[in-house]
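To be precise, the following lines are data-v1.pdb, and they hold PDB, C-alpha atoms and all ligand atoms.
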```pdb
ATOM      1  CA  MET V  23       0.000   0.000   0.000  1.00  0.00           C
ATOM      2  CA  ALA V  24       1.244   3.454  -0.881  1.00  0.00           C
ATOM      3  CA  ASN V  25       2.657   5.721   1.764  1.00  0.00           C
ATOM      4  CA  ILE V  26      -0.084   8.256   2.517  1.00  0.00           C
ATOM      5  CA  ASN V  27       0.389  11.365   4.603  1.00  0.00           C
ATOM      6  CA  LEU V  28      -3.091  12.719   5.257  1.00  0.00           C
ATOM      7  CA  LYS V  29      -1.863  15.785   7.095  1.00  0.00           C
ATOM      8  CA  GLN V  30       0.524  16.958   4.403  1.00  0.00           C
ATOM      9  CA  ARG V  31      -1.713  15.547   1.679  1.00  0.00           C
ATOM     10  CA  GLU V  32       1.064  13.576   0.080  1.00  0.00           C
ATOM     11  CA  ILE V  33       1.025  10.139  -1.507  1.00  0.00           C
ATOM     12  CA  GLU V  34       4.161   8.223  -2.300  1.00  0.00           C
ATOM     13  CA  VAL V  35       4.041   5.160  -4.520  1.00  0.00           C
ATOM     14  CA  LYS V  36       6.877   2.766  -5.135  1.00  0.00           C
ATOM     15  CA  VAL V  37       7.629   1.215  -8.523  1.00  0.00           C
ATOM     16  CA  VAL V  38      10.366  -1.400  -8.714  1.00  0.00           C
ATOM     17  CA  TYR V  39      12.272  -2.431 -11.845  1.00  0.00           C
ATOM     18  CA  TYR V  40      12.979  -6.142 -11.486  1.00  0.00           C
ATOM     19  CA  GLY V  41      14.743  -8.616 -13.765  1.00  0.00           C
ATOM     20  CA  PRO V  42      17.897 -10.692 -14.247  1.00  0.00           C
ATOM     21  CA  GLY V  43      21.429  -9.282 -14.068  1.00  0.00           C
ATOM     22  CA  ARG V  44      22.375  -7.039 -16.975  1.00  0.00           C
ATOM     23  CA  CYS V  45      18.876  -6.974 -18.488  1.00  0.00           C
ATOM     24  CA  GLY V  46      18.906  -3.147 -18.500  1.00  0.00           C
ATOM     25  CA  LYS V  47      17.102  -1.958 -15.350  1.00  0.00           C
ATOM     26  CA  THR V  48      19.633   0.733 -14.484  1.00  0.00           C
ATOM     27  CA  THR V  49      19.726   1.796 -18.143  1.00  0.00           C
ATOM     28  CA  ASN V  50      15.941   2.330 -18.027  1.00  0.00           C
ATOM     29  CA  LEU V  51      16.263   4.631 -15.017  1.00  0.00           C
ATOM     30  CA  GLU V  52      19.175   6.526 -16.563  1.00  0.00           C
ATOM     31  CA  TYR V  53      17.093   7.211 -19.652  1.00  0.00           C
ATOM     32  CA  ILE V  54      14.096   8.297 -17.563  1.00  0.00           C
ATOM     33  CA  PHE V  55      16.358  10.596 -15.550  1.00  0.00           C
ATOM     34  CA  ARG V  56      17.556  12.287 -18.752  1.00  0.00           C
ATOM     35  CA  SER V  57      14.253  12.401 -20.584  1.00  0.00           C
ATOM     36  CA  PHE V  58      11.585  13.186 -18.007  1.00  0.00           C
ATOM     37  CA  ARG V  59      13.194  16.323 -16.602  1.00  0.00           C
ATOM     38  CA  LYS V  60       9.848  17.901 -15.788  1.00  0.00           C
ATOM     39  CA  GLN V  61       8.690  14.999 -13.647  1.00  0.00           C
ATOM     40  CA  VAL V  62      12.031  14.118 -12.079  1.00  0.00           C
ATOM     41  CA  THR V  63      12.229  15.844  -8.709  1.00  0.00           C
ATOM     42  CA  GLY V  64      15.742  14.945  -7.578  1.00  0.00           C
ATOM     43  CA  GLU V  65      18.999  13.264  -8.451  1.00  0.00           C
ATOM     44  CA  MET V  66      19.232   9.633  -9.473  1.00  0.00           C
ATOM     45  CA  VAL V  67      20.972   7.779  -6.693  1.00  0.00           C
ATOM     46  CA  SER V  68      22.879   4.613  -7.489  1.00  0.00           C
ATOM     47  CA  ALA V  69      23.635   3.089  -4.117  1.00  0.00           C
ATOM     48  CA  GLN V  70      26.793   1.004  -4.499  1.00  0.00           C
ATOM     49  CA  THR V  71      27.868  -0.079  -7.922  1.00  0.00           C
ATOM     50  CA  GLU V  72      30.753  -2.092  -9.309  1.00  0.00           C
ATOM     51  CA  GLY V  73      31.366  -1.070 -12.897  1.00  0.00           C
ATOM     52  CA  ASP V  74      27.865  -1.032 -14.328  1.00  0.00           C
ATOM     53  CA  ARG V  75      26.562  -3.656 -11.885  1.00  0.00           C
ATOM     54  CA  THR V  76      24.084  -2.601  -9.238  1.00  0.00           C
ATOM     55  CA  LEU V  77      25.080  -3.975  -5.849  1.00  0.00           C
ATOM     56  CA  PHE V  78      22.304  -2.383  -3.824  1.00  0.00           C
ATOM     57  CA  PHE V  79      19.731  -0.381  -5.759  1.00  0.00           C
ATOM     58  CA  ASP V  80      19.105   2.688  -7.922  1.00  0.00           C
ATOM     59  CA  PHE V  81      16.587   5.301  -6.886  1.00  0.00           C
ATOM     60  CA  LEU V  82      14.860   8.038  -8.848  1.00  0.00           C
ATOM     61  CA  PRO V  83      12.126  10.328  -7.433  1.00  0.00           C
ATOM     62  CA  MET V  84       9.378  11.698  -9.685  1.00  0.00           C
ATOM     63  CA  GLY V  85       6.394  13.972  -9.116  1.00  0.00           C
ATOM     64  CA  LEU V  86       3.078  13.525 -10.881  1.00  0.00           C
ATOM     65  CA  GLY V  87       1.277  16.614  -9.681  1.00  0.00           C
ATOM     66  CA  LYS V  88      -1.962  16.534  -7.744  1.00  0.00           C
ATOM     67  CA  ILE V  89      -4.742  13.979  -7.597  1.00  0.00           C
ATOM     68  CA  LYS V  90      -7.745  14.873  -5.436  1.00  0.00           C
ATOM     69  CA  GLY V  91      -5.637  17.507  -3.721  1.00  0.00           C
ATOM     70  CA  TYR V  92      -2.868  15.045  -2.909  1.00  0.00           C
ATOM     71  CA  ASP V  93       0.663  15.610  -4.114  1.00  0.00           C
ATOM     72  CA  VAL V  94       1.534  12.297  -5.806  1.00  0.00           C
ATOM     73  CA  ARG V  95       5.117  11.160  -5.908  1.00  0.00           C
ATOM     74  CA  VAL V  96       6.526   8.083  -7.560  1.00  0.00           C
ATOM     75  CA  HIS V  97       9.734   6.537  -6.346  1.00  0.00           C
ATOM     76  CA  LEU V  98      11.437   4.337  -8.920  1.00  0.00           C
ATOM     77  CA  TYR V  99      13.847   1.663  -7.732  1.00  0.00           C
ATOM     78  CA  THR V 100      15.912  -1.037  -9.426  1.00  0.00           C
ATOM     79  CA  VAL V 101      16.998  -4.265  -7.786  1.00  0.00           C
ATOM     80  CA  PRO V 102      20.428  -5.846  -8.234  1.00  0.00           C
ATOM     81  CA  GLY V 103      19.787  -8.631 -10.738  1.00  0.00           C
ATOM     82  CA  GLN V 104      22.733 -10.874  -9.922  1.00  0.00           C
ATOM     83  CA  VAL V 105      21.534 -14.099  -8.311  1.00  0.00           C
ATOM     84  CA  LYS V 106      23.739 -13.649  -5.230  1.00  0.00           C
ATOM     85  CA  TYR V 107      21.924 -10.467  -4.132  1.00  0.00           C
ATOM     86  CA  SER V 108      18.725 -12.281  -3.338  1.00  0.00           C
ATOM     87  CA  SER V 109      18.129 -10.729   0.081  1.00  0.00           C
ATOM     88  CA  THR V 110      18.720  -7.184  -1.219  1.00  0.00           C
ATOM     89  CA  ARG V 111      16.224  -7.808  -4.017  1.00  0.00           C
ATOM     90  CA  LYS V 112      13.645  -8.858  -1.502  1.00  0.00           C
ATOM     91  CA  MET V 113      14.348  -5.841   0.672  1.00  0.00           C
ATOM     92  CA  VAL V 114      13.973  -3.395  -2.234  1.00  0.00           C
ATOM     93  CA  LEU V 115      10.621  -4.993  -3.038  1.00  0.00           C
ATOM     94  CA  ARG V 116       9.211  -4.175   0.393  1.00  0.00           C
ATOM     95  CA  GLU V 117       5.972  -2.174   0.174  1.00  0.00           C
ATOM     96  CA  VAL V 118       6.090  -2.128  -3.608  1.00  0.00           C
ATOM     97  CA  ASP V 119       3.045  -0.705  -5.423  1.00  0.00           C
ATOM     98  CA  GLY V 120       3.927  -1.500  -9.028  1.00  0.00           C
ATOM     99  CA  VAL V 121       6.511  -3.598 -10.874  1.00  0.00           C
ATOM    100  CA  VAL V 122       8.254  -3.364 -14.233  1.00  0.00           C
ATOM    101  CA  PHE V 123       9.760  -6.716 -15.125  1.00  0.00           C
ATOM    102  CA  VAL V 124      12.625  -6.132 -17.558  1.00  0.00           C
ATOM    103  CA  ALA V 125      13.393  -9.228 -19.614  1.00  0.00           C
ATOM    104  CA  ASP V 126      16.552  -9.636 -21.683  1.00  0.00           C
ATOM    105  CA  SER V 127      15.950 -10.478 -25.350  1.00  0.00           C
ATOM    106  CA  LEU V 128      19.308 -12.246 -25.762  1.00  0.00           C
ATOM    107  CA  VAL V 129      18.767 -15.923 -26.584  1.00  0.00           C
ATOM    108  CA  VAL V 130      21.375 -16.900 -23.994  1.00  0.00           C
ATOM    109  CA  ARG V 131      19.387 -15.138 -21.239  1.00  0.00           C
ATOM    110  CA  ARG V 132      16.146 -17.057 -21.773  1.00  0.00           C
ATOM    111  CA  GLU V 133      16.466 -19.235 -18.679  1.00  0.00           C
ATOM    112  CA  LYS V 134      17.634 -16.276 -16.557  1.00  0.00           C
ATOM    113  CA  ASN V 135      14.467 -14.346 -17.426  1.00  0.00           C
ATOM    114  CA  ILE V 136      12.287 -17.267 -16.384  1.00  0.00           C
ATOM    115  CA  LEU V 137      14.175 -17.765 -13.115  1.00  0.00           C
ATOM    116  CA  SER V 138      14.053 -14.063 -12.288  1.00  0.00           C
ATOM    117  CA  LEU V 139      10.288 -13.940 -12.841  1.00  0.00           C
ATOM    118  CA  LYS V 140       9.934 -16.927 -10.502  1.00  0.00           C
ATOM    119  CA  ASP V 141      12.087 -15.126  -7.954  1.00  0.00           C
ATOM    120  CA  LEU V 142       9.823 -12.061  -8.230  1.00  0.00           C
ATOM    121  CA  HIS V 143       6.758 -14.247  -7.770  1.00  0.00           C
ATOM    122  CA  GLN V 144       8.249 -15.853  -4.650  1.00  0.00           C
ATOM    123  CA  ASN V 145       9.445 -12.590  -3.093  1.00  0.00           C
ATOM    124  CA  LEU V 146       6.080 -10.916  -3.626  1.00  0.00           C
ATOM    125  CA  LYS V 147       4.389 -13.925  -2.084  1.00  0.00           C
ATOM    126  CA  GLU V 148       6.562 -13.624   0.995  1.00  0.00           C
ATOM    127  CA  TYR V 149       5.215 -10.077   1.427  1.00  0.00           C
ATOM    128  CA  GLY V 150       1.656 -11.346   1.018  1.00  0.00           C
ATOM    129  CA  LEU V 151       1.419  -9.910  -2.517  1.00  0.00           C
ATOM    130  CA  SER V 152       0.345 -11.720  -5.658  1.00  0.00           C
ATOM    131  CA  ILE V 153       2.121 -11.390  -8.987  1.00  0.00           C
ATOM    132  CA  THR V 154      -1.256 -11.761 -10.707  1.00  0.00           C
ATOM    133  CA  LYS V 155      -2.776  -8.850  -8.781  1.00  0.00           C
ATOM    134  CA  ILE V 156       0.016  -6.324  -8.445  1.00  0.00           C
ATOM    135  CA  PRO V 157       0.263  -3.661 -11.186  1.00  0.00           C
ATOM    136  CA  LEU V 158       2.810  -5.259 -13.503  1.00  0.00           C
ATOM    137  CA  VAL V 159       4.296  -4.401 -16.887  1.00  0.00           C
ATOM    138  CA  ILE V 160       6.724  -6.594 -18.796  1.00  0.00           C
ATOM    139  CA  GLN V 161       9.428  -5.045 -20.950  1.00  0.00           C
ATOM    140  CA  HIS V 162      11.250  -7.075 -23.594  1.00  0.00           C
ATOM    141  CA  ASN V 163      14.501  -5.140 -23.660  1.00  0.00           C
ATOM    142  CA  LYS V 164      17.509  -5.048 -26.007  1.00  0.00           C
ATOM    143  CA  ARG V 165      15.469  -5.487 -29.187  1.00  0.00           C
ATOM    144  CA  ASP V 166      18.141  -3.380 -30.957  1.00  0.00           C
ATOM    145  CA  LEU V 167      20.608  -6.285 -30.779  1.00  0.00           C
ATOM    146  CA  GLY V 168      18.682  -8.074 -33.526  1.00  0.00           C
ATOM    147  CA  GLU V 169      19.844  -5.390 -35.967  1.00  0.00           C
ATOM    148  CA  GLN V 170      23.440  -6.308 -35.177  1.00  0.00           C
ATOM    149  CA  ASN V 171      22.825  -9.955 -36.030  1.00  0.00           C
ATOM    150  CA  ILE V 172      23.086 -11.005 -32.415  1.00  0.00           C
ATOM    151  CA  PRO V 173      20.622 -13.840 -31.721  1.00  0.00           C
ATOM    152  CA  ILE V 174      17.587 -12.529 -29.879  1.00  0.00           C
ATOM    153  CA  LEU V 175      14.425 -14.314 -28.805  1.00  0.00           C
ATOM    154  CA  PRO V 176      11.295 -13.765 -30.918  1.00  0.00           C
ATOM    155  CA  LEU V 177       8.757 -11.644 -29.010  1.00  0.00           C
ATOM    156  CA  LYS V 178       6.283 -14.500 -29.352  1.00  0.00           C
ATOM    157  CA  GLN V 179       8.672 -16.810 -27.537  1.00  0.00           C
ATOM    158  CA  MET V 180       9.261 -14.287 -24.747  1.00  0.00           C
ATOM    159  CA  GLU V 181       5.537 -13.739 -24.345  1.00  0.00           C
ATOM    160  CA  HIS V 182       5.035 -17.490 -24.136  1.00  0.00           C
ATOM    161  CA  ASP V 183       7.853 -17.928 -21.600  1.00  0.00           C
ATOM    162  CA  LEU V 184       6.924 -15.034 -19.340  1.00  0.00           C
ATOM    163  CA  ASN V 185       3.472 -13.724 -20.034  1.00  0.00           C
ATOM    164  CA  ARG V 186       1.184 -16.517 -21.186  1.00  0.00           C
ATOM    165  CA  GLN V 187      -0.533 -16.708 -17.809  1.00  0.00           C
ATOM    166  CA  LEU V 188       0.033 -13.206 -16.445  1.00  0.00           C
ATOM    167  CA  LYS V 189      -1.156 -11.456 -19.599  1.00  0.00           C
ATOM    168  CA  ALA V 190       0.399  -8.231 -18.359  1.00  0.00           C
ATOM    169  CA  PRO V 191       0.789  -5.267 -20.718  1.00  0.00           C
ATOM    170  CA  SER V 192       4.157  -5.692 -22.414  1.00  0.00           C
ATOM    171  CA  PHE V 193       6.442  -3.567 -24.555  1.00  0.00           C
ATOM    172  CA  PRO V 194       9.447  -4.239 -26.779  1.00  0.00           C
ATOM    173  CA  ALA V 195      12.224  -1.833 -25.868  1.00  0.00           C
ATOM    174  CA  SER V 196      15.770  -0.712 -26.320  1.00  0.00           C
ATOM    175  CA  ALA V 197      16.745   1.036 -23.119  1.00  0.00           C
ATOM    176  CA  VAL V 198      20.078   2.195 -24.580  1.00  0.00           C
ATOM    177  CA  LYS V 199      18.215   3.955 -27.363  1.00  0.00           C
ATOM    178  CA  GLY V 200      15.347   4.953 -25.101  1.00  0.00           C
ATOM    179  CA  GLU V 201      12.799   3.112 -27.241  1.00  0.00           C
ATOM    180  CA  GLY V 202       9.875   1.686 -25.317  1.00  0.00           C
ATOM    181  CA  VAL V 203      11.130   3.078 -21.994  1.00  0.00           C
ATOM    182  CA  GLY V 204       8.503   5.834 -21.731  1.00  0.00           C
ATOM    183  CA  PRO V 205       5.532   3.634 -22.704  1.00  0.00           C
ATOM    184  CA  THR V 206       6.643   0.976 -20.181  1.00  0.00           C
ATOM    185  CA  LEU V 207       6.879   3.517 -17.369  1.00  0.00           C
ATOM    186  CA  LYS V 208       3.661   5.304 -18.266  1.00  0.00           C
ATOM    187  CA  MET V 209       1.682   2.067 -18.342  1.00  0.00           C
ATOM    188  CA  CYS V 210       3.087   0.965 -15.007  1.00  0.00           C
ATOM    189  CA  ILE V 211       2.275   4.336 -13.422  1.00  0.00           C
ATOM    190  CA  LYS V 212      -1.223   4.214 -14.932  1.00  0.00           C
ATOM    191  CA  LEU V 213      -1.898   0.756 -13.481  1.00  0.00           C
ATOM    192  CA  THR V 214      -0.364   1.693 -10.143  1.00  0.00           C
ATOM    193  CA  LEU V 215      -2.515   4.825  -9.837  1.00  0.00           C
ATOM    194  CA  GLN V 216      -5.638   2.872 -10.829  1.00  0.00           C
ATOM    195  CA  SER V 217      -4.900   0.416  -8.065  1.00  0.00           C
ATOM    196  CA  LEU V 218      -4.211   3.260  -5.614  1.00  0.00           C
ATOM    197  CA  LYS V 219      -7.546   4.917  -6.433  1.00  0.00           C
ATOM    198  CA  LYS V 220      -9.308   1.624  -5.846  1.00  0.00           C
ATOM    199  CA  GLN V 221      -7.595   1.209  -2.484  1.00  0.00           C
ATOM    200  CA  MET V 222      -8.510   4.771  -1.535  1.00  0.00           C
ATOM    201  CA  GLY V 223     -12.111   4.228  -2.599  1.00  0.00           C
ATOM    202  CA  TRP V 224     -11.870   7.090  -5.126  1.00  0.00           C
TER
HETATM  203  N1  LIG Q 301      22.240  -3.320 -26.820  1.00  0.00           N
HETATM  204  C1  LIG Q 301      21.630  -3.013 -25.695  1.00  0.00           C
HETATM  205  N2  LIG Q 301      22.297  -2.991 -24.539  1.00  0.00           N
HETATM  206  C2  LIG Q 301      21.640  -2.666 -23.418  1.00  0.00           C
HETATM  207  C3  LIG Q 301      20.256  -2.331 -23.413  1.00  0.00           C
HETATM  208  N3  LIG Q 301      19.891  -2.049 -22.140  1.00  0.00           N
HETATM  209  C4  LIG Q 301      20.997  -2.184 -21.390  1.00  0.00           C
HETATM  210  N4  LIG Q 301      22.060  -2.558 -22.141  1.00  0.00           N
HETATM  211  C5  LIG Q 301      23.436  -2.788 -21.728  1.00  0.00           C
HETATM  212  O1  LIG Q 301      23.457  -3.917 -20.888  1.00  0.00           O
HETATM  213  C6  LIG Q 301      24.398  -3.746 -19.831  1.00  0.00           C
HETATM  214  C7  LIG Q 301      23.719  -3.920 -18.489  1.00  0.00           C
HETATM  215  O2  LIG Q 301      22.754  -2.882 -18.322  1.00  0.00           O
HETATM  216  P1  LIG Q 301      22.275  -2.391 -16.884  1.00  0.00           P
HETATM  217  O3  LIG Q 301      21.223  -1.367 -17.086  1.00  0.00           O
HETATM  218  O4  LIG Q 301      23.441  -2.022 -16.055  1.00  0.00           O
HETATM  219  O5  LIG Q 301      21.650  -3.748 -16.338  1.00  0.00           O
HETATM  220  P2  LIG Q 301      20.981  -4.028 -14.924  1.00  0.00           P
HETATM  221  O6  LIG Q 301      19.721  -4.756 -15.218  1.00  0.00           O
HETATM  222  O7  LIG Q 301      20.860  -2.788 -14.129  1.00  0.00           O
HETATM  223  O8  LIG Q 301      22.042  -5.040 -14.269  1.00  0.00           O
HETATM  224  P3  LIG Q 301      22.275  -5.343 -12.697  1.00  0.00           P
HETATM  225  O9  LIG Q 301      22.488  -4.038 -12.030  1.00  0.00           O
HETATM  226  O10 LIG Q 301      23.467  -6.242 -12.641  1.00  0.00           O
HETATM  227  O11 LIG Q 301      21.041  -6.050 -12.214  1.00  0.00           O
HETATM  228  C8  LIG Q 301      24.997  -2.354 -20.027  1.00  0.00           C
HETATM  229  O12 LIG Q 301      26.221  -2.497 -20.700  1.00  0.00           O
HETATM  230  C9  LIG Q 301      23.967  -1.650 -20.883  1.00  0.00           C
HETATM  231  O13 LIG Q 301      24.526  -0.638 -21.695  1.00  0.00           O
HETATM  232  C10 LIG Q 301      19.562  -2.334 -24.673  1.00  0.00           C
HETATM  233  O14 LIG Q 301      18.381  -2.063 -24.796  1.00  0.00           O
HETATM  234  N5  LIG Q 301      20.297  -2.698 -25.762  1.00  0.00           N
HETATM  235 MG    MG Q 302      21.590  -2.216 -12.334  1.00  0.00          MG
END
```
Rewrite the structure from the file as structure tokens, please.
Amino acid sequence: MANINLKQREIEVKVVYYGPGRCGKTTNLEYIFRSFRKQVTGEMVSAQTEGDRTLFFDFLPMGLGKIKGYDVRVHLYTVPGQVKYSSTRKMVLREVDGVVFVADSLVVRREKNILSLKDLHQNLKEYGLSITKIPLVIQHNKRDLGEQNIPILPLKQMEHDLNRQLKAPSFPASAVKGEGVGPTLKMCIKLTLQSLKKQMGW
């Protein structure tokens, strides 16, 4: 449930970018930081990194203006995708309101995508949340690699692997080019706010 401050009339929702190591979560946030200047309300914080690997999390605050007199803020986070940071991933997911699952289109990452989605499912469950109920968007990232003749998974295959039961809204993307990043974020925010309104009885 979102963090609601009745006195100050502020609502804070948390959106987490989840997915296997190197799928492009941090790259999504970097693009959002550069491209949504109007909505971004502070610096992007990358808490502990090693090269381009996230060891803890990335954080980016955004403001969406007012809804029903409440100042609505969205906090974007990424988890560290590497398998060994399991407990940090779970911690970042605490009190999550919406999730973007970033899948890697590389053929060699097929199994990693599936395992990471299972890990998300399990971690949500441990917080009493359901992957079928939480606002969720799936992003099939790195589509640009196909143009360089690097083997990528057909979208149909990725949808079958990851989304045949969930049937979440999904977007092809290239986070390095910024393609599909905005639509992914906007859809996740839309679903998250819909769910918030429902919870608030609005
Ligand atoms: N070609 C291509 N490369 C990408 C894309 N998105 C990310 N990358 C590259 O993939 C590498 C990993 O990207 P990150 O954004 O750091 O991945 P991450 O998901 O944050 O990884 P962890 O922090 O380890 O979980 C970087 O070298 C990125 O430049 C994309 O859409 N296309
Ligand atoms: Mg990262």
(Q) As a quick test: using all atoms listed in the file, which residues lie no more than 7 Å away from ligand MG 302 (chain Q)? Give them as a ChimeraX atom specification. (A) /V:44,46-48,74-76,100-103
Residues as selected, C-alpha atoms, written as a PDB file, in the frame of the given file, can you do that?
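This went into again39.pdb:
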```pdb
ATOM      1  CA  ARG V  44      22.375  -7.039 -16.975  1.00  0.00           C
ATOM      2  CA  GLY V  46      18.906  -3.147 -18.500  1.00  0.00           C
ATOM      3  CA  LYS V  47      17.102  -1.958 -15.350  1.00  0.00           C
ATOM      4  CA  THR V  48      19.633   0.733 -14.484  1.00  0.00           C
ATOM      5  CA  ASP V  74      27.865  -1.032 -14.328  1.00  0.00           C
ATOM      6  CA  ARG V  75      26.562  -3.656 -11.885  1.00  0.00           C
ATOM      7  CA  THR V  76      24.084  -2.601  -9.238  1.00  0.00           C
ATOM      8  CA  THR V 100      15.912  -1.037  -9.426  1.00  0.00           C
ATOM      9  CA  VAL V 101      16.998  -4.265  -7.786  1.00  0.00           C
ATOM     10  CA  PRO V 102      20.428  -5.846  -8.234  1.00  0.00           C
ATOM     11  CA  GLY V 103      19.787  -8.631 -10.738  1.00  0.00           C
TER      12      GLY V 103
END
```
Translate the PyMOL selection byres (((not hetatm)) within 10 of (chain Q and resi 301)) into a concrete residue list for this structure, as an mmCIF file with C-alpha atoms, in the frame of the given file.
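Listed below is the output, expr30.cif:
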```cif
data_model
loop_
_atom_site.group_PDB
_atom_site.id
_atom_site.type_symbol
_atom_site.label_atom_id
_atom_site.label_comp_id
_atom_site.auth_asym_id
_atom_site.auth_seq_id
_atom_site.Cartn_x
_atom_site.Cartn_y
_atom_site.Cartn_z
ATOM 1 C CA TYR V 39 12.272 -2.431 -11.845
ATOM 2 C CA TYR V 40 12.979 -6.142 -11.486
ATOM 3 C CA GLY V 41 14.743 -8.616 -13.765
ATOM 4 C CA PRO V 42 17.897 -10.692 -14.247
ATOM 5 C CA GLY V 43 21.429 -9.282 -14.068
ATOM 6 C CA ARG V 44 22.375 -7.039 -16.975
ATOM 7 C CA CYS V 45 18.876 -6.974 -18.488
ATOM 8 C CA GLY V 46 18.906 -3.147 -18.500
ATOM 9 C CA LYS V 47 17.102 -1.958 -15.350
ATOM 10 C CA THR V 48 19.633 0.733 -14.484
ATOM 11 C CA THR V 49 19.726 1.796 -18.143
ATOM 12 C CA ASN V 50 15.941 2.330 -18.027
ATOM 13 C CA LEU V 51 16.263 4.631 -15.017
ATOM 14 C CA GLU V 52 19.175 6.526 -16.563
ATOM 15 C CA TYR V 53 17.093 7.211 -19.652
ATOM 16 C CA SER V 68 22.879 4.613 -7.489
ATOM 17 C CA THR V 71 27.868 -0.079 -7.922
ATOM 18 C CA GLU V 72 30.753 -2.092 -9.309
ATOM 19 C CA GLY V 73 31.366 -1.070 -12.897
ATOM 20 C CA ASP V 74 27.865 -1.032 -14.328
ATOM 21 C CA ARG V 75 26.562 -3.656 -11.885
ATOM 22 C CA THR V 76 24.084 -2.601 -9.238
ATOM 23 C CA LEU V 77 25.080 -3.975 -5.849
ATOM 24 C CA PHE V 78 22.304 -2.383 -3.824
ATOM 25 C CA PHE V 79 19.731 -0.381 -5.759
ATOM 26 C CA ASP V 80 19.105 2.688 -7.922
ATOM 27 C CA THR V 100 15.912 -1.037 -9.426
ATOM 28 C CA VAL V 101 16.998 -4.265 -7.786
ATOM 29 C CA PRO V 102 20.428 -5.846 -8.234
ATOM 30 C CA GLY V 103 19.787 -8.631 -10.738
ATOM 31 C CA GLN V 104 22.733 -10.874 -9.922
ATOM 32 C CA VAL V 105 21.534 -14.099 -8.311
ATOM 33 C CA TYR V 107 21.924 -10.467 -4.132
ATOM 34 C CA ARG V 111 16.224 -7.808 -4.017
ATOM 35 C CA VAL V 124 12.625 -6.132 -17.558
ATOM 36 C CA ALA V 125 13.393 -9.228 -19.614
ATOM 37 C CA ASP V 126 16.552 -9.636 -21.683
ATOM 38 C CA SER V 127 15.950 -10.478 -25.350
ATOM 39 C CA LEU V 128 19.308 -12.246 -25.762
ATOM 40 C CA HIS V 162 11.250 -7.075 -23.594
ATOM 41 C CA ASN V 163 14.501 -5.140 -23.660
ATOM 42 C CA LYS V 164 17.509 -5.048 -26.007
ATOM 43 C CA ARG V 165 15.469 -5.487 -29.187
ATOM 44 C CA ASP V 166 18.141 -3.380 -30.957
ATOM 45 C CA LEU V 167 20.608 -6.285 -30.779
ATOM 46 C CA GLY V 168 18.682 -8.074 -33.526
ATOM 47 C CA GLU V 169 19.844 -5.390 -35.967
ATOM 48 C CA GLN V 170 23.440 -6.308 -35.177
ATOM 49 C CA ILE V 172 23.086 -11.005 -32.415
ATOM 50 C CA PRO V 194 9.447 -4.239 -26.779
ATOM 51 C CA ALA V 195 12.224 -1.833 -25.868
ATOM 52 C CA SER V 196 15.770 -0.712 -26.320
ATOM 53 C CA ALA V 197 16.745 1.036 -23.119
ATOM 54 C CA VAL V 198 20.078 2.195 -24.580
ATOM 55 C CA LYS V 199 18.215 3.955 -27.363
ATOM 56 C CA GLY V 200 15.347 4.953 -25.101
ATOM 57 C CA GLU V 201 12.799 3.112 -27.241
ATOM 58 C CA GLY V 202 9.875 1.686 -25.317
ATOM 59 C CA VAL V 203 11.130 3.078 -21.994
#
```
Q: Would you mind telling me which residue in V:Val159, V:Pro83, V:Leu213, V:Lys36 lies nearest to Arg59 in chain V when using only C-alpha atoms?
A: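 Smallest distance to Arg59 in chain V is found for V:Pro83.
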**Q.** Nearest to Val96 in chain V, chosen from V:Met84, V:Val121, V:Ile33, V:Ile136, with all atoms listed in the file counted in the distances
**A.** V:Met84
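Comparing V:Val122, V:Leu115, V:Val38, V:Leu98 by their smallest distance to Ile54 in chain V, the closest is V:Leu98 (using all atoms listed in the file).
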As a JSON list (two decimals), in the frame of the given file, the rebuilt range 122-131 of chain V with N, CA and C atoms:
```json
[["chain", "number", "residue", "atom", "x", "y", "z"],
["V", 122, "VAL", "N", 7.88, -3.19, -12.83],
["V", 122, "VAL", "CA", 8.25, -3.36, -14.23],
["V", 122, "VAL", "C", 9.21, -4.54, -14.26],
["V", 123, "PHE", "N", 8.84, -5.60, -14.97],
["V", 123, "PHE", "CA", 9.76, -6.72, -15.12],
["V", 123, "PHE", "C", 10.49, -6.53, -16.44],
["V", 124, "VAL", "N", 11.81, -6.32, -16.35],
["V", 124, "VAL", "CA", 12.62, -6.13, -17.56],
["V", 124, "VAL", "C", 13.22, -7.48, -17.94],
["V", 125, "ALA", "N", 12.85, -7.96, -19.12],
["V", 125, "ALA", "CA", 13.39, -9.23, -19.61],
["V", 125, "ALA", "C", 14.46, -8.93, -20.66],
["V", 126, "ASP", "N", 15.43, -9.80, -20.75],
["V", 126, "ASP", "CA", 16.55, -9.64, -21.68],
["V", 126, "ASP", "C", 16.27, -10.45, -22.95],
["V", 127, "SER", "N", 16.29, -9.79, -24.10],
["V", 127, "SER", "CA", 15.95, -10.48, -25.35],
["V", 127, "SER", "C", 17.02, -11.43, -25.85],
["V", 128, "LEU", "N", 18.24, -11.36, -25.30],
["V", 128, "LEU", "CA", 19.31, -12.25, -25.76],
["V", 128, "LEU", "C", 18.90, -13.71, -25.60],
["V", 129, "VAL", "N", 19.12, -14.50, -26.62],
["V", 129, "VAL", "CA", 18.77, -15.92, -26.58],
["V", 129, "VAL", "C", 19.40, -16.60, -25.37],
["V", 130, "VAL", "N", 20.66, -16.25, -25.10],
["V", 130, "VAL", "CA", 21.38, -16.90, -23.99],
["V", 130, "VAL", "C", 20.82, -16.54, -22.61],
["V", 131, "ARG", "N", 19.94, -15.55, -22.55],
["V", 131, "ARG", "CA", 19.39, -15.14, -21.24],
["V", 131, "ARG", "C", 17.98, -15.69, -20.98]]
```
